[in-house]
Amino acid sequence: MRSSIEQVLSTYDDRAPLSQASTIPATWYVDPRIAELERLSVFSKTWQLVARTDQVQSSGQFVATTVAGEPIVVVRGNDGILRAFYNVCRHHAAAVVTQPCGQAALLHCPYHGWNYGLDGSLKGMPEFEGVENFDRAQNGLVPILVETWECFVFINLDNHAVPLAEFLGGLVKRFVPLGITKLHYFDRRTYNINCNWKVFVDNYLDGGYHVPHLHKALNSVLEYKQYTIENEDRYCLQSSPMVSSEMDAATSATRQGDRAWYFWQYPNFMINLYQGYMDTNLVLPDGVDRCKVIFDFYFDDVSEAAAERNRQSIAVGERVNDEDVGICESVQRGLHSRAYGAGRLSVRREAGEHLFHRLLSEDLKRGL
Ligand code: FES
Ligand SMILES: [Fe+2]
């Protein structure tokens with residue numbers, strides 16, 4: 001007989017200290033009921049990255065995307081206020097905004113031509129004379145919470161969510177001296193990976209454990225033994241001093257500075273910083289066995305003169321990610337095996353995974 005979802009959740013002990021803890025059970029990575037519970041109680045309740053602030057700088061600029069299966073749109077109003085709405089027409093539910101980003105004076109539904117203002121209010125409905133008991137004021141686009149932090153726009157589908165700054169906690173202060181406002185968006189890469197989204201996050205949060213084995217070139221510029229792992233609030237910072245190395249010319253030319261900083265913010269957002277360089281990773285579930293990971297690359301210099309160096313830097317990032325993708329897909333196959341139930345955690349390396357698993361478990365148990 002199949003275990004109930006309560007039984008599946010109860011098999012993880014979220015009170016065990018790291019030295020006694022195991023990973024969350026394999027079932028959590030392969031059971032579609034867990035994926036659905038995550039959609040409702042993790043992705044529909046946490047602040048989710050949806051855009052960069054430079055994409056919605058001036059009035060009428062918008063970004064449309066999907067969060068936890070919900071079509072949403074973020075748009076800057078004529079009054080300068082940034083707003084977010086469900087991108088669902090109040091007439092017959094078509095997506096009002098059909099481009100992923102752009103600029104518009106009005107939000108115009110392509111189905112029957114209803115128009116909404118940039119503030120979401122319903123402005124006009126063709127051929128609607130004679131319709132009784134219809135209150136136009138009650139038929140605007142349905143609003144969603146939206147806030148910005150640094151160059152990032154976040155939304156939250158939960159109207160009772162804590163403010164973004166409170167959700168990010170200590171991360172906000174931590175970022176001030178890092179000066180990421182000096183970095184500018186350059187390019188994006190998107191990966192479709194055959195693993196549960198949590199496998200990708202776990203791999204990120206293993207405290208460099210896999211780096212000497214899987215990423216030889218990257219390892220050559222990190223001082224692996226000095227690698228630190230700090231948990232606070234809902235984030236984990238992994239950091240390593242950097243050393244110069246001749247082993248791989250492209251890596252040493254594009255991964256520079258005194259330290260590498262790797263931030264993960266619960267549940268699915270990472271920020272990686274080197275001198276003059278940042279990439280962000282957004283991990284999006286796509287069913288229980290797949291995920292999509294969006295890498296955005298930022299550099300201090302995005303002029304034409306720096307384009308070649310920046311492309312080389314992205315290529316280094318892509319190589320590291322290719323190494324990660326292969327192992328993540330291997331892990332997903334292993335999680336389906338009858339031979340595996342859960343694994344133990346390295347006290348020296350895997351505190352970040354422990355934090356992730358406890359936060360997730362808390363949200364899932366609360367969501368039941
Ligand atoms: S569904 Fe939008 S106008 Fe009909
Ligand atoms: Fe890796």
# chains A, B, ... in the order shown; residues from 1 in each chain; ligands from 1
call {"tool": "residues_around", "arguments": {"residues": "Thr148 (chain A)", "least_positions_apart": "5", "cutoff": "9 Å", "atoms": "only C-alpha atoms", "output": "ChimeraX atom specification"}}
result
/A:52-53,153-155,164
call {"tool": "closest_atom_pairs", "arguments": {"of": "region 133-229 of chain A", "to": "region 264-275 of chain A", "cutoff": "9 Å", "atoms": "only C-alpha atoms", "output": "Markdown table"}}
result
| residue | atom | partner | partner_atom | distance |
| --- | --- | --- | --- | --- |
| A:Leu168 | CA | A:Gln265 | CA | 7.4 |
| A:Leu171 | CA | A:Gln265 | CA | 8.3 |
| A:Leu178 | CA | A:Leu273 | CA | 8.8 |
| A:Ile180 | CA | A:Leu273 | CA | 8.8 |
| A:Trp197 | CA | A:Asn268 | CA | 8.2 |
| A:Lys198 | CA | A:Asn268 | CA | 8.4 |
| A:Val201 | CA | A:Asn268 | CA | 7.0 |
| A:Tyr204 | CA | A:Trp264 | CA | 8.2 |
| A:Leu205 | CA | A:Trp264 | CA | 7.8 |
call {"tool": "select_by_dssp", "arguments": {"residues": "region 101-337 of chain A", "states": "alpha helix (DSSP H)", "output": "ChimeraX atom specification"}}
result
/A:164-168,171-175,197-204,211-214,216-221,249-254,307-335
call {"tool": "closest_atom_pairs", "arguments": {"of": "chain A", "to": "ligand 1", "cutoff": "6 Å", "atoms": "only C-alpha atoms and all ligand atoms", "output": "CSV"}}
result
residue,atom,partner,partner_atom_place_in_ligand_line,distance
A:Cys89,CA,ligand 1,2 (Fe),4.6
A:His91,CA,ligand 1,1 (S),4.6
A:His92,CA,ligand 1,1 (S),3.8
A:Ala93,CA,ligand 1,1 (S),5.0
A:Ala94,CA,ligand 1,1 (S),4.5
A:Cys109,CA,ligand 1,2 (Fe),4.6
A:Tyr111,CA,ligand 1,3 (S),4.8
A:His112,CA,ligand 1,3 (S),3.7
A:Gly113,CA,ligand 1,3 (S),4.8
A:Trp114,CA,ligand 1,3 (S),4.4
call {"tool": "residues_around", "arguments": {"residues": "region 12-24 of chain A", "least_positions_apart": "2", "cutoff": "12 Å", "atoms": "only C-alpha atoms", "output": "CSV table (one decimal) with N, CA, C and O atoms, in the first residue's frame"}}
result
chain,number,residue,atom,x,y,z
A,6,GLU,N,1.3,12.3,4.8
A,6,GLU,CA,1.7,12.5,6.2
A,6,GLU,C,2.8,11.6,6.6
A,6,GLU,O,3.8,12.0,7.2
A,7,GLN,N,2.7,10.3,6.2
A,7,GLN,CA,3.8,9.3,6.5
A,7,GLN,C,5.0,9.7,5.8
A,7,GLN,O,6.1,9.6,6.3
A,8,VAL,N,4.9,10.1,4.5
A,8,VAL,CA,6.1,10.5,3.7
A,8,VAL,C,6.8,11.6,4.4
A,8,VAL,O,8.0,11.6,4.5
A,9,LEU,N,6.1,12.6,4.9
A,9,LEU,CA,6.7,13.8,5.5
A,9,LEU,C,7.3,13.4,6.9
A,9,LEU,O,8.3,14.0,7.2
A,10,SER,N,6.7,12.5,7.5
A,10,SER,CA,7.2,12.2,8.9
A,10,SER,C,8.5,11.4,8.9
A,10,SER,O,9.1,11.2,9.9
A,26,ALA,N,14.5,10.1,-0.1
A,26,ALA,CA,14.5,10.0,-1.6
A,26,ALA,C,13.1,10.2,-2.1
A,26,ALA,O,12.9,10.8,-3.2
A,27,THR,N,12.1,9.7,-1.4
A,27,THR,CA,10.7,9.9,-1.9
A,27,THR,C,10.4,11.4,-2.2
A,27,THR,O,9.6,11.7,-3.1
A,28,TRP,N,10.9,12.3,-1.4
A,28,TRP,CA,10.6,13.7,-1.6
A,28,TRP,C,11.1,14.2,-2.9
A,28,TRP,O,10.7,15.3,-3.3
A,29,TYR,N,12.0,13.5,-3.5
A,29,TYR,CA,12.5,13.9,-4.8
A,29,TYR,C,11.8,13.3,-6.0
A,29,TYR,O,12.1,13.6,-7.1
A,30,VAL,N,10.9,12.3,-5.7
A,30,VAL,CA,10.3,11.6,-6.8
A,30,VAL,C,8.8,11.5,-6.7
A,30,VAL,O,8.2,11.0,-7.7
A,34,ILE,N,4.6,15.4,-3.3
A,34,ILE,CA,5.5,16.3,-2.7
A,34,ILE,C,5.7,17.6,-3.6
A,34,ILE,O,5.7,18.7,-3.2
A,198,LYS,N,15.4,20.2,-6.2
A,198,LYS,CA,16.1,20.1,-4.9
A,198,LYS,C,17.5,19.4,-5.1
A,198,LYS,O,18.4,19.7,-4.3
A,199,VAL,N,17.6,18.6,-6.1
A,199,VAL,CA,18.9,17.9,-6.4
A,199,VAL,C,19.9,19.0,-6.8
A,199,VAL,O,21.0,19.0,-6.4
A,202,ASP,N,20.7,21.1,-3.6
A,202,ASP,CA,21.6,20.3,-2.7
A,202,ASP,C,23.0,20.3,-3.3
A,202,ASP,O,24.0,20.5,-2.5
A,206,ASP,N,26.6,21.9,-1.0
A,206,ASP,CA,27.4,20.9,-0.3
A,206,ASP,C,28.8,21.4,0.2
A,206,ASP,O,29.7,20.6,0.5
A,335,LEU,N,18.1,8.3,-6.9
A,335,LEU,CA,17.0,8.5,-6.0
A,335,LEU,C,15.8,7.7,-6.3
A,335,LEU,O,15.0,7.4,-5.4
A,340,TYR,N,18.3,3.0,-2.4
A,340,TYR,CA,18.6,4.2,-1.6
A,340,TYR,C,17.4,4.8,-0.9
A,340,TYR,O,16.3,4.9,-1.5
A,341,GLY,N,17.6,5.2,0.4
A,341,GLY,CA,16.5,5.8,1.1
A,341,GLY,C,16.8,7.3,1.5
A,341,GLY,O,16.0,8.2,1.3
A,342,ALA,N,18.0,7.5,2.1
A,342,ALA,CA,18.5,8.8,2.5
A,342,ALA,C,19.9,8.7,2.8
A,342,ALA,O,20.5,7.6,2.9
A,343,GLY,N,20.7,9.8,2.8
A,343,GLY,CA,22.1,9.8,3.1
A,343,GLY,C,22.5,10.6,4.2
A,343,GLY,O,21.8,11.5,4.6
A,344,ARG,N,23.7,10.4,4.8
A,344,ARG,CA,24.2,11.2,5.9
A,344,ARG,C,24.9,12.4,5.3
A,344,ARG,O,25.2,12.5,4.2
A,345,LEU,N,25.1,13.4,6.2
A,345,LEU,CA,25.7,14.7,5.8
A,345,LEU,C,27.1,14.9,6.5
A,345,LEU,O,27.3,14.6,7.7
A,346,SER,N,28.0,15.5,5.7
A,346,SER,CA,29.3,15.8,6.3
A,346,SER,C,29.2,17.0,7.2
A,346,SER,O,28.6,18.1,6.8
A,347,VAL,N,29.6,16.9,8.4
A,347,VAL,CA,29.6,18.0,9.4
A,347,VAL,C,30.4,19.2,8.9
A,347,VAL,O,30.0,20.4,8.9
A,348,ARG,N,31.6,18.9,8.3
A,348,ARG,CA,32.5,19.9,7.8
A,348,ARG,C,31.9,20.7,6.6
A,348,ARG,O,32.1,21.9,6.5
A,349,ARG,N,31.2,19.9,5.8
A,349,ARG,CA,30.8,20.5,4.5
A,349,ARG,C,29.3,20.8,4.3
A,349,ARG,O,29.0,21.7,3.5
A,350,GLU,N,28.4,20.0,4.9
A,350,GLU,CA,27.1,20.0,4.3
A,350,GLU,C,26.0,20.7,5.3
A,350,GLU,O,24.8,20.3,5.2
A,351,ALA,N,26.5,21.7,6.0
A,351,ALA,CA,25.5,22.5,6.9
A,351,ALA,C,24.5,23.2,6.0
A,351,ALA,O,23.3,23.4,6.5
A,352,GLY,N,24.8,23.7,4.8
A,352,GLY,CA,23.9,24.4,4.0
A,352,GLY,C,22.7,23.5,3.6
A,352,GLY,O,21.5,23.9,3.6
A,353,GLU,N,23.0,22.3,3.2
A,353,GLU,CA,22.0,21.3,2.8
A,353,GLU,C,21.0,21.1,4.0
A,353,GLU,O,19.8,20.9,3.9
A,354,HIS,N,21.7,21.0,5.2
A,354,HIS,CA,20.9,20.7,6.4
A,354,HIS,C,19.9,21.9,6.6
A,354,HIS,O,18.7,21.6,6.9
A,355,LEU,N,20.3,23.1,6.5
A,355,LEU,CA,19.4,24.3,6.6
A,355,LEU,C,18.3,24.2,5.6
A,355,LEU,O,17.1,24.4,5.9
A,356,PHE,N,18.7,23.9,4.3
A,356,PHE,CA,17.7,23.8,3.3
A,356,PHE,C,16.6,22.8,3.6
A,356,PHE,O,15.4,23.0,3.5
A,357,HIS,N,17.1,21.6,4.0
A,357,HIS,CA,16.1,20.5,4.3
A,357,HIS,C,15.2,20.8,5.5
A,357,HIS,O,14.0,20.5,5.4
A,358,ARG,N,15.7,21.5,6.5
A,358,ARG,CA,14.9,21.8,7.6
A,358,ARG,C,13.9,22.9,7.3
A,358,ARG,O,12.7,22.8,7.7
A,359,LEU,N,14.3,23.9,6.5
A,359,LEU,CA,13.3,25.0,6.1
A,359,LEU,C,12.2,24.4,5.2
A,359,LEU,O,11.0,24.7,5.4
A,360,LEU,N,12.6,23.5,4.3
A,360,LEU,CA,11.7,22.9,3.4
A,360,LEU,C,10.7,22.0,4.2
A,360,LEU,O,9.5,22.1,4.0
A,361,SER,N,11.2,21.2,5.1
A,361,SER,CA,10.4,20.3,5.9
A,361,SER,C,9.3,21.2,6.7
A,361,SER,O,8.2,20.8,6.8
A,362,GLU,N,9.8,22.3,7.3
A,362,GLU,CA,8.9,23.1,8.1
A,362,GLU,C,7.8,23.7,7.2
A,362,GLU,O,6.6,23.6,7.6
A,363,ASP,N,8.1,24.1,6.0
A,363,ASP,CA,7.1,24.7,5.1
A,363,ASP,C,6.1,23.6,4.7
A,363,ASP,O,4.9,23.8,4.6
A,364,LEU,N,6.6,22.4,4.4
A,364,LEU,CA,5.8,21.3,3.9
A,364,LEU,C,4.8,20.8,5.0
A,364,LEU,O,3.6,20.6,4.8
A,365,LYS,N,5.4,20.7,6.2
A,365,LYS,CA,4.6,20.2,7.3
A,365,LYS,C,3.5,21.2,7.7
A,365,LYS,O,2.4,20.9,8.0
call {"tool": "atom_distance", "arguments": {"atom1": "CA of Leu237 (chain A)", "atom2": "CA of Gly207 (chain A)"}}
result
9.2 Å
call {"tool": "closest_residue", "arguments": {"among": "A:Lys45, A:Arg290, A:Arg136, A:Arg319", "to": "ligand 2", "atoms": "only C-alpha atoms and all ligand atoms"}}
result
A:Arg319
call {"tool": "residues_around", "arguments": {"residues": "region 72-78 of chain A", "least_positions_apart": "5", "cutoff": "6 Å", "atoms": "only C-alpha atoms", "output": "count of residues only"}}
result
16
call {"tool": "residues_near_ligand", "arguments": {"ligand": "ligand 2", "cutoff": "7 Å", "atoms": "only C-alpha atoms and all ligand atoms", "output": "PyMOL selection string"}}
result
chain A and resi 203-204+210-211+214-215+320-321+323-324
call {"tool": "select_by_dssp", "arguments": {"residues": "region 56-185 of chain A", "states": "strand (DSSP E)", "output": "JSON, numbers by chain"}}
result
{"A": [61, 62, 63, 64, 65, 66, 67, 70, 71, 72, 73, 74, 75, 76, 82, 83, 84, 85, 86, 101, 102, 103, 107, 108, 115, 116, 122, 123, 124, 143, 144, 145, 146, 147, 148, 149, 152, 153, 154, 155, 156, 184, 185]}
call {"tool": "residues_around", "arguments": {"residues": "Phe295 (chain A)", "least_positions_apart": "4", "cutoff": "7 Å", "atoms": "only C-alpha atoms", "output": "list of chain:residue names"}}
result
A:Arg188, A:Arg189, A:Thr190, A:Asp279, A:Thr280, A:Asn281, A:Leu282
call {"tool": "decode", "arguments": {"residues": "region 297-323 of chain A", "atoms": "N, CA, C and O atoms", "output": "compact mmCIF listing (two decimals), in the first residue's frame"}}
result
# COMPACT_ATOMS: atom_id res chain seq x y z
N PHE A 297 24.03 36.53 -16.11
CA PHE A 297 25.42 36.94 -15.91
C PHE A 297 25.54 38.46 -15.91
O PHE A 297 24.98 39.13 -16.78
N TYR A 298 26.27 38.97 -14.92
CA TYR A 298 26.48 40.40 -14.76
C TYR A 298 27.99 40.67 -14.70
O TYR A 298 28.72 39.87 -14.11
N PHE A 299 28.41 41.83 -15.25
CA PHE A 299 29.83 42.19 -15.19
C PHE A 299 29.97 43.67 -14.86
O PHE A 299 29.04 44.46 -15.10
N ASP A 300 31.17 44.04 -14.35
CA ASP A 300 31.41 45.45 -14.07
C ASP A 300 31.48 46.25 -15.36
O ASP A 300 31.03 47.38 -15.43
N ASP A 301 32.06 45.63 -16.40
CA ASP A 301 32.18 46.32 -17.69
C ASP A 301 31.40 45.53 -18.74
O ASP A 301 31.73 44.38 -19.02
N VAL A 302 30.34 46.14 -19.28
CA VAL A 302 29.56 45.45 -20.31
C VAL A 302 29.69 46.17 -21.65
O VAL A 302 28.85 46.03 -22.54
N SER A 303 30.78 46.96 -21.78
CA SER A 303 31.01 47.67 -23.04
C SER A 303 31.45 46.69 -24.12
O SER A 303 31.82 45.54 -23.82
N GLU A 304 31.42 47.15 -25.37
CA GLU A 304 31.83 46.32 -26.50
C GLU A 304 33.26 45.80 -26.30
O GLU A 304 33.57 44.65 -26.62
N ALA A 305 34.11 46.66 -25.73
CA ALA A 305 35.52 46.29 -25.53
C ALA A 305 35.66 45.08 -24.60
O ALA A 305 36.62 44.32 -24.72
N ALA A 306 34.71 44.92 -23.69
CA ALA A 306 34.81 43.83 -22.70
C ALA A 306 34.01 42.60 -23.11
O ALA A 306 34.02 41.59 -22.42
N ALA A 307 33.32 42.68 -24.26
CA ALA A 307 32.38 41.62 -24.64
C ALA A 307 33.07 40.26 -24.77
O ALA A 307 32.53 39.24 -24.32
N GLU A 308 34.26 40.24 -25.35
CA GLU A 308 34.95 38.98 -25.56
C GLU A 308 35.32 38.33 -24.22
O GLU A 308 35.10 37.14 -23.99
N ARG A 309 35.86 39.15 -23.32
CA ARG A 309 36.21 38.65 -21.99
C ARG A 309 34.96 38.13 -21.27
O ARG A 309 34.97 37.08 -20.64
N ASN A 310 33.86 38.86 -21.40
CA ASN A 310 32.63 38.45 -20.73
C ASN A 310 32.10 37.12 -21.29
O ASN A 310 31.63 36.27 -20.54
N ARG A 311 32.21 36.98 -22.60
CA ARG A 311 31.76 35.71 -23.21
C ARG A 311 32.64 34.54 -22.75
O ARG A 311 32.15 33.45 -22.49
N GLN A 312 33.93 34.82 -22.61
CA GLN A 312 34.84 33.78 -22.12
C GLN A 312 34.48 33.40 -20.68
O GLN A 312 34.48 32.22 -20.31
N SER A 313 34.11 34.41 -19.90
CA SER A 313 33.74 34.17 -18.52
C SER A 313 32.47 33.31 -18.43
O SER A 313 32.38 32.40 -17.62
N ILE A 314 31.50 33.61 -19.30
CA ILE A 314 30.27 32.80 -19.34
C ILE A 314 30.60 31.37 -19.73
O ILE A 314 30.05 30.41 -19.16
N ALA A 315 31.52 31.20 -20.67
CA ALA A 315 31.90 29.85 -21.11
C ALA A 315 32.49 29.05 -19.95
O ALA A 315 32.23 27.85 -19.82
N VAL A 316 33.26 29.72 -19.09
CA VAL A 316 33.81 29.04 -17.90
C VAL A 316 32.65 28.59 -17.00
O VAL A 316 32.62 27.46 -16.52
N GLY A 317 31.67 29.49 -16.80
CA GLY A 317 30.50 29.16 -15.99
C GLY A 317 29.72 28.00 -16.60
O GLY A 317 29.24 27.11 -15.89
N GLU A 318 29.60 28.00 -17.92
CA GLU A 318 28.85 26.91 -18.59
C GLU A 318 29.54 25.57 -18.41
O GLU A 318 28.89 24.54 -18.26
N ARG A 319 30.88 25.59 -18.43
CA ARG A 319 31.60 24.32 -18.27
C ARG A 319 31.37 23.76 -16.86
O ARG A 319 31.11 22.57 -16.70
N VAL A 320 31.45 24.64 -15.87
CA VAL A 320 31.20 24.19 -14.49
C VAL A 320 29.78 23.64 -14.40
O VAL A 320 29.54 22.57 -13.81
N ASN A 321 28.83 24.34 -15.01
CA ASN A 321 27.45 23.88 -14.92
C ASN A 321 27.24 22.55 -15.64
O ASN A 321 26.51 21.69 -15.16
N ASP A 322 27.90 22.37 -16.78
CA ASP A 322 27.78 21.08 -17.48
C ASP A 322 28.25 19.94 -16.57
O ASP A 322 27.65 18.86 -16.56
N GLU A 323 29.31 20.20 -15.82
CA GLU A 323 29.80 19.17 -14.89
C GLU A 323 28.75 18.89 -13.81
O GLU A 323 28.52 17.74 -13.44
